[in-house]
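Text of work.txt (compact mmCIF, C-alpha atoms) as supplied:
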```
# COMPACT_ATOMS: atom_id res chain seq x y z
CA MET A 1 -8.87 -1.32 19.25
CA PHE A 2 -11.61 -3.89 18.71
CA LEU A 3 -14.75 -1.78 18.78
CA THR A 4 -18.26 -2.95 19.55
CA THR A 5 -20.01 0.42 19.74
CA ILE A 6 -21.69 1.55 16.54
CA ASN A 7 -21.21 5.20 15.65
CA ASN A 8 -22.79 7.25 12.90
CA VAL A 9 -20.20 9.76 11.67
CA ASP A 10 -20.98 11.31 8.28
CA ARG A 11 -17.75 12.31 6.52
CA HIS A 12 -19.29 13.81 3.41
CA GLY A 13 -17.92 17.31 2.90
CA VAL A 14 -15.00 16.86 5.31
CA THR A 15 -11.71 18.47 4.22
CA ARG A 16 -8.26 17.12 4.99
CA ARG A 17 -6.18 19.09 7.51
CA VAL A 18 -3.33 16.64 8.10
CA PRO A 19 -1.50 15.03 5.14
CA MET A 20 -1.84 11.33 4.45
CA GLN A 21 1.37 9.94 5.92
CA VAL A 22 1.43 6.14 5.77
CA LEU A 23 -0.34 3.67 3.47
CA CYS A 24 -0.08 0.18 4.94
CA LEU A 25 -1.28 -1.89 1.99
CA GLY A 26 -0.68 -5.49 3.04
CA PHE A 27 -3.48 -8.06 2.90
CA PRO A 28 -5.59 -8.70 6.02
CA ARG A 29 -4.01 -11.31 8.31
CA THR A 30 -0.47 -10.10 7.58
CA GLY A 31 -0.10 -8.10 10.79
CA THR A 32 -2.36 -5.19 9.94
CA VAL A 33 -3.79 -4.98 13.47
CA PRO A 34 -0.37 -4.81 15.17
CA MET A 35 0.66 -2.27 12.55
CA HIS A 36 -2.48 -0.22 13.24
CA THR A 37 -1.72 -0.29 16.97
CA ALA A 38 1.94 0.57 16.36
CA LEU A 39 1.06 3.55 14.16
CA GLU A 40 -1.23 4.92 16.84
CA MET A 41 1.53 4.45 19.43
CA LEU A 42 3.75 6.54 17.16
CA GLY A 43 1.24 9.37 17.17
CA TYR A 44 -0.72 8.73 13.99
CA ASN A 45 -4.05 9.27 15.72
CA GLU A 46 -6.39 9.06 12.72
CA THR A 47 -5.58 5.54 11.57
CA ASN A 48 -8.12 3.67 9.43
CA HIS A 49 -8.63 -0.09 9.74
CA GLY A 50 -11.31 -2.54 8.70
CA TYR A 51 -12.58 -2.92 12.26
CA LYS A 52 -13.39 0.79 12.36
CA VAL A 53 -15.21 0.53 9.04
CA SER A 54 -17.43 -2.15 10.58
CA THR A 55 -18.56 0.21 13.34
CA ASN A 56 -19.68 3.13 11.15
CA PRO A 57 -22.57 2.54 8.70
CA ARG A 58 -21.94 5.92 7.04
CA ASP A 59 -18.36 4.91 6.24
CA ARG A 60 -19.60 1.65 4.77
CA GLU A 61 -21.95 3.60 2.52
CA MET A 62 -18.98 5.48 1.05
CA TRP A 63 -16.91 2.31 0.69
CA ILE A 64 -19.78 0.61 -1.12
CA GLU A 65 -19.89 3.54 -3.55
CA ALA A 66 -16.15 3.24 -4.16
CA ILE A 67 -16.23 -0.55 -4.58
CA ASN A 68 -19.20 -0.48 -6.93
CA ALA A 69 -17.59 2.20 -9.08
CA LYS A 70 -14.21 0.47 -9.40
CA PHE A 71 -15.19 -3.18 -9.64
CA PHE A 72 -18.74 -3.17 -10.98
CA GLY A 73 -18.96 -0.04 -13.13
CA LYS A 74 -21.65 1.60 -11.00
CA GLY A 75 -21.16 5.29 -10.25
CA THR A 76 -18.15 7.59 -10.35
CA PRO A 77 -14.71 6.32 -9.23
CA TYR A 78 -13.34 7.93 -6.07
CA GLY A 79 -10.53 10.48 -6.40
CA ARG A 80 -8.46 12.57 -4.01
CA LYS A 81 -11.47 14.64 -2.92
CA GLU A 82 -13.47 11.59 -1.80
CA TRP A 83 -10.50 9.86 -0.18
CA ASP A 84 -9.72 13.03 1.79
CA GLN A 85 -13.25 12.93 3.19
CA LEU A 86 -13.14 9.25 4.11
CA LEU A 87 -9.58 8.62 5.31
CA GLY A 88 -7.41 9.80 8.19
CA HIS A 89 -3.62 10.14 8.42
CA THR A 90 -2.75 6.47 7.84
CA VAL A 91 -4.56 3.39 6.51
CA THR A 92 -4.24 -0.34 7.10
CA ASP A 93 -6.13 -3.52 6.18
CA MET A 94 -9.28 -4.00 4.09
CA PRO A 95 -11.11 -2.40 2.37
CA HIS A 96 -8.22 0.02 1.81
CA THR A 97 -6.17 -2.76 0.19
CA LEU A 98 -8.69 -2.87 -2.65
CA PHE A 99 -7.63 0.62 -3.71
CA ALA A 100 -3.86 0.34 -3.51
CA GLU A 101 -3.28 1.84 -6.96
CA GLU A 102 -5.74 4.70 -6.39
CA LEU A 103 -4.33 5.60 -2.96
CA ILE A 104 -0.72 5.46 -4.17
CA ARG A 105 -1.66 7.81 -6.99
CA ALA A 106 -3.73 10.13 -4.77
CA TYR A 107 -1.03 10.46 -2.08
CA PRO A 108 2.38 10.49 -3.77
CA GLU A 109 3.93 11.99 -0.62
CA ALA A 110 2.84 9.11 1.66
CA LYS A 111 5.19 6.32 2.74
CA VAL A 112 4.01 2.81 1.82
CA VAL A 113 4.40 -0.24 4.06
CA LEU A 114 3.80 -3.78 2.82
CA THR A 115 3.25 -6.18 5.70
CA LEU A 116 4.60 -9.53 4.53
CA ARG A 117 3.67 -13.13 5.20
CA ASP A 118 4.30 -16.48 3.55
CA PRO A 119 1.30 -17.13 1.24
CA ASP A 120 0.58 -20.58 2.69
CA ARG A 121 0.68 -19.38 6.29
CA TRP A 122 -1.38 -16.34 5.33
CA TRP A 123 -4.09 -18.51 3.78
CA ARG A 124 -4.32 -20.78 6.83
CA SER A 125 -4.72 -17.76 9.09
CA PHE A 126 -7.25 -16.10 6.78
CA ALA A 127 -9.35 -19.26 6.42
CA ASP A 128 -9.38 -19.86 10.20
CA THR A 129 -10.51 -16.31 11.04
CA ILE A 130 -12.08 -14.07 8.39
CA GLY A 131 -13.05 -17.04 6.24
CA THR A 132 -14.90 -18.63 9.15
CA ALA A 133 -16.67 -15.38 10.03
CA ILE A 134 -17.91 -14.71 6.50
CA ARG A 135 -19.29 -18.26 6.10
CA GLY A 136 -21.56 -18.29 9.14
CA PRO A 137 -23.15 -16.25 11.94
CA ILE A 138 -20.59 -14.29 13.96
CA GLY A 139 -21.49 -15.44 17.45
CA VAL A 140 -24.73 -14.15 18.92
CA ASN A 141 -24.78 -10.87 17.03
CA PRO A 142 -27.36 -11.90 14.38
CA TRP A 143 -29.85 -12.88 17.10
CA PHE A 144 -29.85 -9.53 18.88
CA GLU A 145 -28.85 -7.07 16.16
CA PRO A 146 -30.06 -8.75 12.95
CA ARG A 147 -30.19 -5.60 10.82
CA ALA A 148 -26.64 -4.52 11.69
CA SER A 149 -25.36 -8.08 11.30
CA VAL A 150 -26.84 -8.47 7.82
CA ALA A 151 -25.50 -5.07 6.72
CA ILE A 152 -21.96 -5.83 7.94
CA ARG A 153 -21.98 -9.32 6.41
CA MET A 154 -23.22 -7.98 3.07
CA PHE A 155 -20.53 -5.30 3.07
CA TRP A 156 -17.66 -7.71 3.74
CA GLY A 157 -19.08 -10.15 1.22
CA LEU A 158 -18.98 -7.34 -1.35
CA ALA A 159 -15.45 -6.32 -0.36
CA LEU A 160 -14.05 -9.86 -0.40
CA GLY A 161 -15.86 -10.55 -3.66
CA ALA A 162 -14.09 -7.54 -5.15
CA LEU A 163 -10.74 -8.67 -3.75
CA PHE A 164 -10.89 -12.30 -4.88
CA GLY A 165 -13.65 -12.35 -7.49
CA THR A 166 -15.79 -14.38 -5.04
CA PRO A 167 -16.54 -14.09 -1.29
CA GLU A 168 -15.32 -17.68 -0.80
CA PRO A 169 -12.18 -18.17 -2.92
CA ALA A 170 -10.42 -21.47 -3.45
CA PRO A 171 -7.07 -21.64 -1.61
CA GLU A 172 -4.80 -21.59 -4.68
CA ALA A 173 -6.74 -18.77 -6.34
CA ALA A 174 -6.62 -16.72 -3.13
CA LYS A 175 -2.87 -17.23 -2.75
CA ALA A 176 -2.31 -16.25 -6.39
CA ARG A 177 -4.28 -13.03 -5.81
CA PHE A 178 -2.21 -12.40 -2.68
CA VAL A 179 1.07 -12.66 -4.59
CA ALA A 180 -0.24 -10.54 -7.49
CA HIS A 181 -1.24 -7.74 -5.12
CA TYR A 182 2.22 -7.53 -3.59
CA ASP A 183 3.86 -7.54 -7.01
CA GLU A 184 1.54 -4.72 -8.11
CA VAL A 185 2.41 -2.51 -5.13
CA ARG A 186 6.14 -3.10 -5.68
CA ARG A 187 5.70 -2.04 -9.29
CA LEU A 188 3.74 1.12 -8.42
CA VAL A 189 5.83 2.49 -5.54
CA PRO A 190 9.36 3.91 -5.88
CA LYS A 191 11.81 2.00 -3.69
CA GLU A 192 12.56 5.03 -1.51
CA ARG A 193 8.87 5.22 -0.51
CA LEU A 194 8.38 1.50 0.09
CA LEU A 195 9.16 -0.60 3.16
CA GLU A 196 8.55 -4.35 3.09
CA TYR A 197 8.03 -5.37 6.68
CA ARG A 198 7.33 -8.46 8.77
CA VAL A 199 5.67 -7.66 12.07
CA GLY A 200 8.14 -9.77 14.04
CA GLU A 201 10.96 -7.42 13.01
CA GLY A 202 9.90 -4.90 15.67
CA TRP A 203 10.44 -1.16 15.80
CA GLU A 204 13.96 -1.14 14.38
CA ARG A 205 12.96 -2.12 10.87
CA LEU A 206 10.40 0.69 10.73
CA TYR A 207 13.19 3.18 11.44
CA MET A 208 15.63 1.72 8.93
CA CYS A 209 17.03 4.54 6.76
CA GLY A 210 14.75 6.97 8.63
CA PHE A 211 11.66 5.50 7.00
CA LEU A 212 9.37 6.86 9.72
CA ALA A 213 10.56 10.07 11.37
CA LYS A 214 9.24 9.17 14.81
CA GLN A 215 10.86 8.48 18.15
CA VAL A 216 11.12 4.78 19.01
CA PRO A 217 8.64 3.98 21.84
CA ALA A 218 9.92 2.48 25.09
CA GLU A 219 7.17 -0.16 24.91
CA ALA A 220 7.63 -3.37 22.94
CA PHE A 221 6.15 -3.56 19.47
CA PRO A 222 2.52 -4.67 19.90
CA LYS A 223 1.70 -8.33 19.35
CA VAL A 224 -2.04 -8.58 18.87
CA ASN A 225 -4.64 -10.39 16.79
CA ASP A 226 -3.02 -13.73 16.09
CA THR A 227 -5.60 -16.45 15.45
CA GLU A 228 -6.12 -17.12 19.15
CA ALA A 229 -6.47 -13.40 19.90
CA TYR A 230 -8.91 -13.00 17.00
CA HIS A 231 -11.27 -15.62 18.42
CA GLY A 232 -10.81 -14.14 21.89
CA HIS A 233 -11.95 -10.82 20.49
CA VAL A 234 -15.05 -12.45 19.00
CA THR A 235 -15.86 -13.96 22.41
CA ARG A 236 -15.45 -10.62 24.20
CA ARG A 237 -17.52 -8.84 21.58
CA ASN A 238 -20.32 -11.39 21.95
CA ARG A 239 -20.33 -10.90 25.72
CA ALA A 240 -20.61 -7.15 25.20
CA ILE A 241 -23.49 -7.69 22.79
CA LEU A 242 -25.22 -9.95 25.33
CA ARG A 243 -24.88 -7.26 27.99
CA GLN A 244 -26.29 -4.67 25.60
CA ALA A 245 -29.12 -7.03 24.67
CA ALA A 246 -29.92 -7.64 28.34
CA LEU A 247 -30.30 -3.92 28.91
CA LYS A 248 -32.27 -3.45 25.71
CA TYR A 249 -34.60 -6.46 25.84
CA VAL A 250 -34.41 -8.54 29.03
CA VAL A 251 -34.59 -5.79 31.66
CA PRO A 252 -37.68 -4.11 30.09
CA ALA A 253 -39.31 -7.53 29.69
CA VAL A 254 -38.73 -8.33 33.37
CA VAL A 255 -40.08 -4.94 34.44
CA ALA A 256 -43.16 -5.44 32.24
CA ALA A 257 -43.70 -8.94 33.64
CA LEU A 258 -43.47 -7.65 37.22
CA GLY A 259 -45.93 -4.91 36.35
CA ILE A 260 -48.39 -7.44 34.94
CA PHE A 261 -47.91 -9.69 37.98
CA VAL A 262 -48.54 -6.84 40.41
CA TYR A 263 -51.58 -5.72 38.43
CA TYR A 264 -53.24 -9.14 38.35
CA ARG A 265 -52.33 -9.82 41.93
CA GLY A 266 -54.15 -6.62 42.88
CA CYS A 267 -57.14 -7.72 40.78
CA PHE A 268 -57.31 -11.12 42.50
CA LYS A 269 -57.14 -9.48 45.94
CA ALA A 270 -59.95 -7.12 44.97
CA LEU A 271 -62.13 -10.03 43.87
CA ALA A 272 -61.38 -11.94 47.02
```

Step by step, read the file and then write its structure as structure tokens.
Amino acid sequence: MFLTTINNVDRHGVTRRVPMQVLCLGFPRTGTVPMHTALEMLGYNETNHGYKVSTNPRDREMWIEAINAKFFGKGTPYGRKEWDQLLGHTVTDMPHTLFAEELIRAYPEAKVVLTLRDPDRWWRSFADTIGTAIRGPIGVNPWFEPRASVAIRMFWGLALGALFGTPEPAPEAAKARFVAHYDEVRRLVPKERLLEYRVGEGWERLYMCGFLAKQVPAEAFPKVNDTEAYHGHVTRRNRAILRQAALKYVVPAVVAALGIFVYYRGCFKALA
């Protein structure tokens, strides 16, 4: 699910054909990637996640509009019409978490899942992954795709600034915001629509009391994107970017150099 290819899908004017079904509103680094993978395994094919937002500049434009309107008083707040254009059948992770109250209000028929984690363990994981990425260059990407790298970094800086009040929050302030978010969702969602879930609980917990009306897959519940897997993803992405850069820059440069060499070699032979 970790994408490296940039697409350019414009969702303005799109109308919803399938109802919003699941709002997974836990903080990033609480199992949102395994949950995203699990939802797709269950047949929720249009599942939104922060990684997908990073690959579509047109989506980021809409998210920037929504963030600026809600948190900075710039523009018109998004409502059901705009969310229907931007979102698929289920959502997980940031920046969707920023709009928990708005999404709960816009989709009263959707089930809500809160992926849980101990605040201290969550902060350590966040600081070692997303926190590291936002503080410095993400691998080789800025060297070969500087414009895209700057745009993505600016977007996530804006989103995290909206979430915490600053792109680089102090640990205790971040953990307090974490706890406050979960308390807010519990207050907003009726108990029959809310499932509090730890990823290690597997498929069974998702089907408790018929919460999700889907058949249990034969495969094990996905275990992806722990801290080690996160950094492995960054390494694989950087290799992909290097391959793309080789095709884009190195190969043409070599061909040009060979052309120049052949040309001057012919000139020297002619003079001789």

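CA of Leu116 (chain A) is positioned 16.2 Å from CA of Phe221 (chain A).
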
Using only C-alpha atoms, I'd like a table of the residues in region 181-209 of chain A that come within 12 Å of region 37-45 of chain A; for each, show the closest atom pair and its distance in Å rounded to one decimal, ordered by chain and ascending number, as JSON lines.
```
{"residue": "A:Val199", "atom": "CA", "partner": "A:Ala38", "partner_atom": "CA", "distance": 10.0}
{"residue": "A:Gly202", "atom": "CA", "partner": "A:Ala38", "partner_atom": "CA", "distance": 9.7}
{"residue": "A:Trp203", "atom": "CA", "partner": "A:Ala38", "partner_atom": "CA", "distance": 8.7}
{"residue": "A:Leu206", "atom": "CA", "partner": "A:Ala38", "partner_atom": "CA", "distance": 10.2}
{"residue": "A:Tyr207", "atom": "CA", "partner": "A:Leu42", "partner_atom": "CA", "distance": 11.5}
```

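Distances from A:Val189, A:Leu98, A:Ala257, A:Ala213 to Gly165 (chain A) were compared using all atoms listed in the file, and the smallest one belongs to A:Leu98.
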
For region 69-72 of chain A: contacts at 12 Å, all atoms listed in the file, fewer than 4 positions along chain excluded, given as a PyMOL selection string: chain A and resi 62-65+76-79+98-102+158-165

Quick one: residues within 10 Å of Gly31 (chain A), only C-alpha atoms, excluding same-chain residues fewer than 5 positions away - as a PyMOL selection string? chain A and resi 26+36+92-93+114-117+122+197-200+223-226

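A straight line drawn from CA of Val9 (chain A) to CA of Lys81 (chain A) is 17.7 Å long.
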
Distance cut-off 9 Å, centre (-17.8, -10.3, 4.1) in file coordinates, counting only C-alpha atoms: which residues qualify? Return them as a list in words. Ile130, Gly131, Ala133, Ile134, Arg135, Ile152, Arg153, Met154, Phe155, Trp156, Gly157, Leu158, Ala159, Leu160, Gly161 and Pro167 of chain A

Considering all atoms listed in the file, return as a VMD selection string whatever protein or nucleic-acid residues lie within 6 Å of Val113 (chain A), sequence-local ones (same chain, fewer than 6 positions apart) excluded. chain A and resid 24 194 to 196

Would you mind exporting the chosen residues as a tab-separated table (two decimals), in the coordinates of the input, restricted to C-alpha atoms?
```tsv
chain	number	residue	atom	x	y	z
A	24	CYS	CA	-0.08	0.18	4.94
A	194	LEU	CA	8.38	1.50	0.09
A	195	LEU	CA	9.16	-0.60	3.16
A	196	GLU	CA	8.55	-4.35	3.09
```

Draw an axis-aligned box over all listed atoms of region 193-199 of chain A, pad each side with 8 Å, and write its centre and edge lengths in Å, one decimal, as JSON.
```
{"center_x": 7.4, "center_y": -1.6, "center_z": 5.8, "size_x": 19.5, "size_y": 29.7, "size_z": 28.6}
```

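Interatomic distance, CA of Asn68 (chain A) against CA of Glu46 (chain A): 25.3 Å.
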
Long-range neighbours of region 173-178 of chain A as a PyMOL selection string, 8 Å cut-off, all atoms listed in the file, 3 positions minimum in chain: chain A and resi 27+119-120+123+164+169-170+181-182

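Minimum atom-to-atom distances from A:Glu192, A:Glu61, A:Glu168, A:Asp128 to Pro108 (chain A) were compared using only C-alpha atoms, and the lowest value belongs to A:Glu192.
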
My list of candidates is A:Asp118, A:Glu109, A:Asp84, A:Asp59. Which is closest to Asp10 (chain A) when distances are computed with only C-alpha atoms? A:Asp59
